[in-house]
2 protein chains.
Amino acid sequence: MSIRIKETKGGVTAARGFEAAGVEAGIKYKDRTDMAVVYSQVPCIGAGTFTTNVVKAAPVLWDRELVEHAPFLQAVIVNSGIANACTGEQGRNYCKRTAGKAAECLHIPENSVLVASTGVIGMQLPIEKIEKGVELLAASKEAGIDAGTRAAEAIMTTDTVSKQAAVTFEIGGKTVTMGGMCKGSGMIHPNMCTMLGFVTTDLAISKELLTKALKEDVQDTFNMISVDGDTSTNDTLLLLANGMAGNPEITEENEDYETFKEALRYINTTLAKKMAGDGEGATALFEVKVIHAATKQDARILSKSVITSSLTKAAIFGHDANWGRILCALGYSGVQFDPEKLELSLLSSAGEILIYKDGTAASYSEEEASRILSQPEVTALVDMKSGEESAAAWGCDLTYDYVKINADYRS
Amino acid sequence: MSIRIKETKGGVTAARGFEAAGVEAGIKYKDRTDMAVVYSQVPCIGAGTFTTNVVKAAPVLWDRELVEHAPFLQAVIVNSGIANACTGEQGRNYCKRTAGKAAECLHIPENSVLVASTGVIGMQLPIEKIEKGVELLAASKEAGIDAGTRAAEAIMTTDTVSKQAAVTFEIGGKTVTMGGMCKGSGMIHPNMCTMLGFVTTDLAISKELLTKALKEDVQDTFNMISVDGDTSTNDTLLLLANGMAGNPEITEENEDYETFKEALRYINTTLAKKMAGDGEGATALFEVKVIHAATKQDARILSKSVITSSLTKAAIFGHDANWGRILCALGYSGVQFDPEKLELSLLSSAGEILIYKDGTAASYSEEEASRILSQPEVTALVDMKSGEESAAAWGCDLTYDYVKINADYRS
């Protein structure tokens with residue numbers, strides 16, 4: 001992080017004018033919150049990226065339409081427990097009913113209300129409970145960091161921790177704040193963005209630049225994480241900007257725009273890594289950095305291929321420097337390269353070790369390699385020695401608990 | 001199987017003139033055999049398909065050269081325990097030394113000896129033990145079904161059972177036999193063929209047609225299985241034909257060629273399914289059949305996308321009819337389709353049940369679905385209602401044991 005961006009507390013309510021709430025609607029879980037609202041006191045412009053899965057959940061269709069065509073956006077209603085995916089016409093009507101109810105309770109237009117759902121595919125939402133939940137949300141929403149935290153908790157499914165990040169930065173003499181929350185630990189292999197992510201800012205910026213920045217940023221943040229290779233039906237990332245920081249509106253790609261992009265990169269990277277590290281059953285955040293690749297696209301493909309290799313992920317769980325699996329995953333990525341040219345190192349807070357060089361194993365200590373891999377965050381560094389481009393991808397290890405969680409997720 | 005093809009006993013030694021052996025060379029395992037030979041009493045023509053991984057093991061490079069350019073082939077030396085992959089110049093020299101030793105012991109040319117290795121990547125072969133093993137193999141090779149079984153056992157790694165198949169068929173009034181063996185239960189996601197497979201036949205056929213038939217066949221057999229999505233560095237499928245059945249040589253694509261292709265399809269499908277069902281840690285063979293797809297390629301991509309979905313595989317392990325994961329995997333396959341048009345059924349020896357129709361869940365009993373999924377072989381049948389093409393893919397469930405095996409494979 002450069003000196004231009006400062007980390008701060010909170011998430012979606014860190015920026016001026018944003019309120020939130022998390023309530024218990026009894027959708028599927030017992031004794032926990034399962035609905036959240038993110039609300040702006042004034043109209044926002046918004047940008048969004050959505051799943052590329054052909055099977056799109058109803059809320060994805062609803063939001064995509066609004067992000068493109070609605071004159072402004074002002075609230076997001078989220079539920080966990082049921083994904084409202086593969087629910088046909090009825091599922092689509094339930095999005096409209098949810099937004100309609102929120103419009104009524106919050107006194108804003110129906111087409112300014114985004115909706116998002118996460119959970120089991122194929123079940124219909126209990127719409128009366130949802131509507132009751134919207135009433136509760138409207139009555140309890142408030143500003144402040146705690147309200148944002150309650151929202152971040154309510155959108156969790158198999159997540160073990162809630163995920164938030166926030167920063168401040170200066171634009172035109174004004175302090176701007178940006179914060180976000182996300183959820184997701186299974187069915188995570190975003191090919192557009194990830195399960196559910198919500199970022200808010202009080203920045204004044206044109207919709208065109210907000211959209212452009214988000215689309216570019218996800219390529220190197222949310223699109224570079226994977227827990228299990230399954231691209232969800234519900235992947236949604238929303239970015240809302242309400243302009244309340246009072247900065248002169250950013251309308252061109254100047255230095256202010258670069259500062260904003262840097263802040264966005266920091267928020268999205270932080271949230272994406274939190275998601276990867278909290279992958280279902282994970283005991284470690286596994287990072288793969290590819291440097292000196294011939295092209296940016298090569299670097300992305302190579303790093304993502306390793307991060308999604310089940311065999312590599314299982315080896316990380318076993319703290320086993322089974323580097324052949326990493327070489328193998330690089331090799332089947334589809335990128336052409338000379339395997340005898342690259343170098344592979346493993347690193348973590350416990351040290352750094354060169355593992356592979358000149359086409360075969362470097363001389364290293366298995367004990368030291370295992371000690372490095374025993375940390376909660378481990379990195380495989382791949383030097384392709386073929387060019388100037390680099391990329392990073394984030395995932396997690398493959399564990400017994402991943403199998404346990406997913407063998408009886410619905411029960 | 002049509003009436004033209006008859007199942008018979010044995011594997012690589014089922015066909016006339018083929019001998020085999022399996023011996024203990026002490027490469028990596030204790031108290032088990034780890035080297036095998038397949039030998040033909042007379043010179044063979046051969047065809048092969050190999051991994052598409054950029055990181056190719058030394059034996060793959062050796063064999064590819066021989067299959068293309070050697071005037072004839074007569075033996076294959078296989079070892080398990082060490083893959084001879086990522087072993088640089090030394091690894092390549094070891095292939096030559098292995099073939100050279102076999103040539104000396106078997107009194108055949110060095111460039112008629114194929115080699116294959118499977119096991120840990122990155123370790124050098126203990127070449128003296130390998131050479132001693134070749135001597136033992138040459139001294140103990142013999143004809144007969146039992147010798148073939150010993151070879152099939154010696155090439156196993158984490159396989160729990162050896163895998164063989166054989167058939168007979170009539171060509172030009174002569175009985176022709178074809179048999180094969182294969183191994184592989186981890187790092188199985190062939191993108192050309194699979195870990196190691198060896199098929200022998202006494203058929204007389206031109207090399208051109210042998211090669212053509214093999215290349216076509218693997219698209220719908222070995223290339224349609226997946227255990228964990230990792231395409232190995234060593235994938236090799238070899239097909240040897242020695243002509244000893246005495247049939248008039250097949251030199252054109254006539255009815256005899258069709259009979260041969262049918263036999264090859266049967267052998268390869270049988271071996272491929274055995275491999276998928278014996279996937280690391282698997283408790284079930286999971287088959288995905290896609291019918292009425294718009295194109296053959298669509299059918300293949302759709303079925304393979306489901307078979308490789310970690311979430312779906314975990315649900316199969318849990319006997320959970322979590323069909324949303326199947327829909328999701330179809331959706332992110334890259335194939336365009338209307339999700340509200342297709343139908344999904346689950347079937348096994350315990351029955352058949354319609355699960356999804358008209359864009360949402362069909363009304364079915366979860367108990368019955370779970371009973372169907374509790375069988376050792378289960379099928380998901382996807383009717384795309386978009387055309388006339390179909391394909392099948394085979395995989396297995398994702399279990400605790402998969403993680404266990406791969407978290408400490410090297411220890």
# chains A, B, ... in the order shown; residues from 1 in each chain; ligands from 1
call {"tool": "residues_around", "arguments": {"residues": "Glu343 of chain A", "least_positions_apart": "6", "cutoff": "7 Å", "atoms": "only C-alpha atoms", "output": "mmCIF file with N, CA and C atoms, in the first residue's frame"}}
result
data_model
loop_
_atom_site.group_PDB
_atom_site.id
_atom_site.type_symbol
_atom_site.label_atom_id
_atom_site.label_comp_id
_atom_site.auth_asym_id
_atom_site.auth_seq_id
_atom_site.Cartn_x
_atom_site.Cartn_y
_atom_site.Cartn_z
ATOM 1 N N TYR A 356 13.349 -25.646 -7.146
ATOM 2 C CA TYR A 356 13.490 -26.234 -8.479
ATOM 3 C C TYR A 356 14.230 -25.258 -9.374
ATOM 4 N N LYS A 357 15.194 -25.760 -10.107
ATOM 5 C CA LYS A 357 16.016 -24.921 -10.986
ATOM 6 C C LYS A 357 16.648 -25.797 -12.068
ATOM 7 N N VAL A 382 7.069 -18.381 -8.676
ATOM 8 C CA VAL A 382 7.507 -18.997 -9.926
ATOM 9 C C VAL A 382 8.144 -17.926 -10.803
ATOM 10 N N ASP A 383 9.424 -18.055 -11.054
ATOM 11 C CA ASP A 383 10.128 -17.111 -11.922
ATOM 12 C C ASP A 383 10.270 -17.755 -13.301
ATOM 13 N N MET A 384 9.479 -17.251 -14.259
ATOM 14 C CA MET A 384 9.450 -17.877 -15.586
ATOM 15 C C MET A 384 10.675 -17.517 -16.424
#
call {"tool": "interface_residues", "arguments": {"of": "chain A", "to": "chain B", "cutoff": "8 Å", "atoms": "only C-alpha atoms", "output": "ChimeraX atom specification"}}
result
/A:52-55,86-88,120-123,187,228-233,309-311,314-320,322-325,327-340,358-361,398-400,403-404,406-408,410
call {"tool": "atom_distance", "arguments": {"atom1": "atom CA of Ile108 of chain B", "atom2": "atom CA of Met35 of chain B"}}
result
19.0 Å
call {"tool": "select_by_dssp", "arguments": {"residues": "segment 227-327 of chain A", "states": "strand (DSSP E)", "output": "count of residues only"}}
result
15
call {"tool": "atom_distance", "arguments": {"atom1": "atom CA of Ala14 of chain A", "atom2": "atom CA of Leu271 of chain A"}}
result
14.8 Å
call {"tool": "residues_around", "arguments": {"residues": "segment 287-289 of chain B", "least_positions_apart": "2", "cutoff": "12 Å", "atoms": "only C-alpha atoms", "output": "PyMOL selection string"}}
result
chain B and resi 220+224-227+272-274+276-277+284-285+291-293+298-309+312-313+316+326+329-330+343-348+373+376-384+389-397
call {"tool": "write_last_selection", "arguments": {"atoms": "C-alpha atoms", "output": "PDB file, in the first residue's frame"}}
result
ATOM      1  CA  ASP B 220     -14.369 -40.692 -26.161  1.00  0.00           C
ATOM      2  CA  MET B 224     -13.396 -38.531 -20.864  1.00  0.00           C
ATOM      3  CA  ILE B 225     -12.294 -39.562 -17.398  1.00  0.00           C
ATOM      4  CA  SER B 226     -11.113 -37.407 -14.554  1.00  0.00           C
ATOM      5  CA  VAL B 227     -10.217 -38.086 -10.966  1.00  0.00           C
ATOM      6  CA  ALA B 272     -10.939 -46.021 -18.506  1.00  0.00           C
ATOM      7  CA  LYS B 273     -13.983 -46.734 -16.354  1.00  0.00           C
ATOM      8  CA  LYS B 274     -11.934 -49.045 -14.131  1.00  0.00           C
ATOM      9  CA  ALA B 276     -12.160 -43.670 -12.826  1.00  0.00           C
ATOM     10  CA  GLY B 277     -13.897 -46.022 -10.393  1.00  0.00           C
ATOM     11  CA  ALA B 284     -18.163 -44.718  -6.335  1.00  0.00           C
ATOM     12  CA  LEU B 285     -17.811 -44.583 -10.107  1.00  0.00           C
ATOM     13  CA  ILE B 291     -27.723 -36.567 -24.533  1.00  0.00           C
ATOM     14  CA  HIS B 292     -29.414 -34.458 -27.207  1.00  0.00           C
ATOM     15  CA  ALA B 293     -26.678 -31.830 -27.182  1.00  0.00           C
ATOM     16  CA  ASP B 298     -20.756 -29.547 -26.466  1.00  0.00           C
ATOM     17  CA  ALA B 299     -21.725 -32.972 -25.124  1.00  0.00           C
ATOM     18  CA  ARG B 300     -18.112 -33.782 -24.246  1.00  0.00           C
ATOM     19  CA  ILE B 301     -17.451 -30.417 -22.580  1.00  0.00           C
ATOM     20  CA  LEU B 302     -20.686 -30.481 -20.576  1.00  0.00           C
ATOM     21  CA  SER B 303     -20.220 -34.027 -19.292  1.00  0.00           C
ATOM     22  CA  LYS B 304     -16.587 -33.425 -18.400  1.00  0.00           C
ATOM     23  CA  SER B 305     -17.383 -30.186 -16.594  1.00  0.00           C
ATOM     24  CA  VAL B 306     -19.738 -32.009 -14.221  1.00  0.00           C
ATOM     25  CA  ILE B 307     -17.358 -34.917 -13.690  1.00  0.00           C
ATOM     26  CA  THR B 308     -14.595 -32.523 -12.585  1.00  0.00           C
ATOM     27  CA  SER B 309     -16.680 -30.387 -10.210  1.00  0.00           C
ATOM     28  CA  THR B 312     -20.549 -32.296  -7.202  1.00  0.00           C
ATOM     29  CA  LYS B 313     -18.005 -35.013  -6.398  1.00  0.00           C
ATOM     30  CA  ILE B 316     -21.891 -37.835  -4.581  1.00  0.00           C
ATOM     31  CA  ILE B 326     -24.598 -30.172 -11.426  1.00  0.00           C
ATOM     32  CA  ALA B 329     -21.078 -27.073 -13.431  1.00  0.00           C
ATOM     33  CA  LEU B 330     -22.968 -27.318 -16.714  1.00  0.00           C
ATOM     34  CA  GLU B 343     -33.795 -32.192 -17.847  1.00  0.00           C
ATOM     35  CA  LEU B 344     -31.645 -33.931 -15.255  1.00  0.00           C
ATOM     36  CA  SER B 345     -32.134 -37.451 -13.898  1.00  0.00           C
ATOM     37  CA  LEU B 346     -30.115 -39.587 -11.513  1.00  0.00           C
ATOM     38  CA  LEU B 347     -29.886 -43.333 -11.966  1.00  0.00           C
ATOM     39  CA  SER B 348     -28.163 -46.419 -10.661  1.00  0.00           C
ATOM     40  CA  LEU B 373     -26.774 -42.333  -5.050  1.00  0.00           C
ATOM     41  CA  PRO B 376     -21.121 -48.123  -6.274  1.00  0.00           C
ATOM     42  CA  GLU B 377     -21.951 -46.848  -9.781  1.00  0.00           C
ATOM     43  CA  VAL B 378     -24.161 -43.803 -10.236  1.00  0.00           C
ATOM     44  CA  THR B 379     -25.121 -41.864 -13.364  1.00  0.00           C
ATOM     45  CA  ALA B 380     -26.307 -38.316 -13.904  1.00  0.00           C
ATOM     46  CA  LEU B 381     -28.263 -38.167 -17.159  1.00  0.00           C
ATOM     47  CA  VAL B 382     -28.522 -34.710 -18.703  1.00  0.00           C
ATOM     48  CA  ASP B 383     -30.973 -34.269 -21.575  1.00  0.00           C
ATOM     49  CA  MET B 384     -30.082 -30.967 -23.246  1.00  0.00           C
ATOM     50  CA  GLU B 389     -25.277 -35.544 -30.042  1.00  0.00           C
ATOM     51  CA  SER B 390     -24.278 -37.350 -26.860  1.00  0.00           C
ATOM     52  CA  ALA B 391     -21.187 -38.131 -24.772  1.00  0.00           C
ATOM     53  CA  ALA B 392     -20.302 -39.782 -21.498  1.00  0.00           C
ATOM     54  CA  ALA B 393     -17.629 -38.942 -18.954  1.00  0.00           C
ATOM     55  CA  TRP B 394     -16.466 -40.920 -15.967  1.00  0.00           C
ATOM     56  CA  GLY B 395     -15.094 -39.842 -12.629  1.00  0.00           C
ATOM     57  CA  CYS B 396     -15.487 -40.611  -8.975  1.00  0.00           C
ATOM     58  CA  ASP B 397     -16.542 -39.043  -5.725  1.00  0.00           C
TER      59      ASP B 397
END
call {"tool": "atom_distance", "arguments": {"atom1": "atom CA of Gly133 of chain B", "atom2": "atom CA of Val12 of chain B"}}
result
19.5 Å
call {"tool": "residues_around", "arguments": {"residues": "Lys207 of chain A", "least_positions_apart": "3", "cutoff": "12 Å", "atoms": "only C-alpha atoms", "output": "JSON, numbers by chain"}}
result
{"A": [44, 45, 46, 47, 48, 67, 68, 69, 70, 71, 72, 73, 203, 204, 210, 211, 212, 213, 214, 239, 240, 241, 242, 243, 249, 250, 251, 252]}
call {"tool": "decode", "arguments": {"residues": "segment 51-101 of chain B", "atoms": "C-alpha atoms", "output": "short mmCIF file (atom, residue, chain, number, x, y, z; two decimals), in the first residue's frame"}}
result
data_model
loop_
_atom_site.label_atom_id
_atom_site.label_comp_id
_atom_site.auth_asym_id
_atom_site.auth_seq_id
_atom_site.Cartn_x
_atom_site.Cartn_y
_atom_site.Cartn_z
CA THR B 51 0.23 -36.11 -22.36
CA THR B 52 -0.35 -32.59 -23.64
CA ASN B 53 1.32 -31.21 -20.49
CA VAL B 54 4.18 -28.84 -21.44
CA VAL B 55 6.17 -30.53 -18.69
CA LYS B 56 6.69 -33.95 -20.28
CA ALA B 57 8.40 -36.78 -18.44
CA ALA B 58 11.53 -38.21 -20.06
CA PRO B 59 9.86 -41.51 -21.05
CA VAL B 60 7.14 -39.59 -22.90
CA LEU B 61 9.79 -37.90 -25.04
CA TRP B 62 11.53 -41.23 -25.63
CA ASP B 63 8.36 -43.08 -26.62
CA ARG B 64 6.96 -40.33 -28.82
CA GLU B 65 10.13 -40.42 -30.89
CA LEU B 66 10.04 -44.20 -31.24
CA VAL B 67 6.34 -44.47 -32.02
CA GLU B 68 6.83 -41.98 -34.84
CA HIS B 69 10.16 -43.07 -36.27
CA ALA B 70 11.31 -46.54 -35.16
CA PRO B 71 10.92 -49.20 -37.88
CA PHE B 72 9.24 -51.54 -35.39
CA LEU B 73 8.57 -51.94 -31.66
CA GLN B 74 8.96 -55.06 -29.57
CA ALA B 75 8.97 -54.35 -25.81
CA VAL B 76 7.85 -51.91 -23.14
CA ILE B 77 9.67 -51.56 -19.80
CA VAL B 78 7.56 -49.93 -17.08
CA ASN B 79 8.43 -48.91 -13.55
CA SER B 80 6.27 -47.58 -10.73
CA GLY B 81 7.39 -45.48 -7.75
CA ILE B 82 9.27 -42.74 -9.59
CA ALA B 83 7.93 -40.87 -12.62
CA ASN B 84 11.23 -39.77 -14.17
CA ALA B 85 9.65 -36.35 -14.74
CA CYS B 86 11.46 -33.02 -14.15
CA THR B 87 14.73 -34.92 -14.16
CA GLY B 88 16.57 -33.04 -16.90
CA GLU B 89 19.33 -34.49 -19.09
CA GLN B 90 20.08 -37.25 -16.59
CA GLY B 91 16.47 -38.45 -16.71
CA ARG B 92 16.59 -38.62 -20.50
CA ASN B 93 19.84 -40.59 -20.39
CA TYR B 94 18.22 -43.05 -17.99
CA CYS B 95 15.54 -43.82 -20.57
CA LYS B 96 18.25 -44.67 -23.06
CA ARG B 97 20.13 -46.79 -20.53
CA THR B 98 16.94 -48.68 -19.61
CA ALA B 99 16.13 -49.36 -23.25
CA GLY B 100 19.74 -50.28 -23.94
CA LYS B 101 19.79 -52.80 -21.12
#
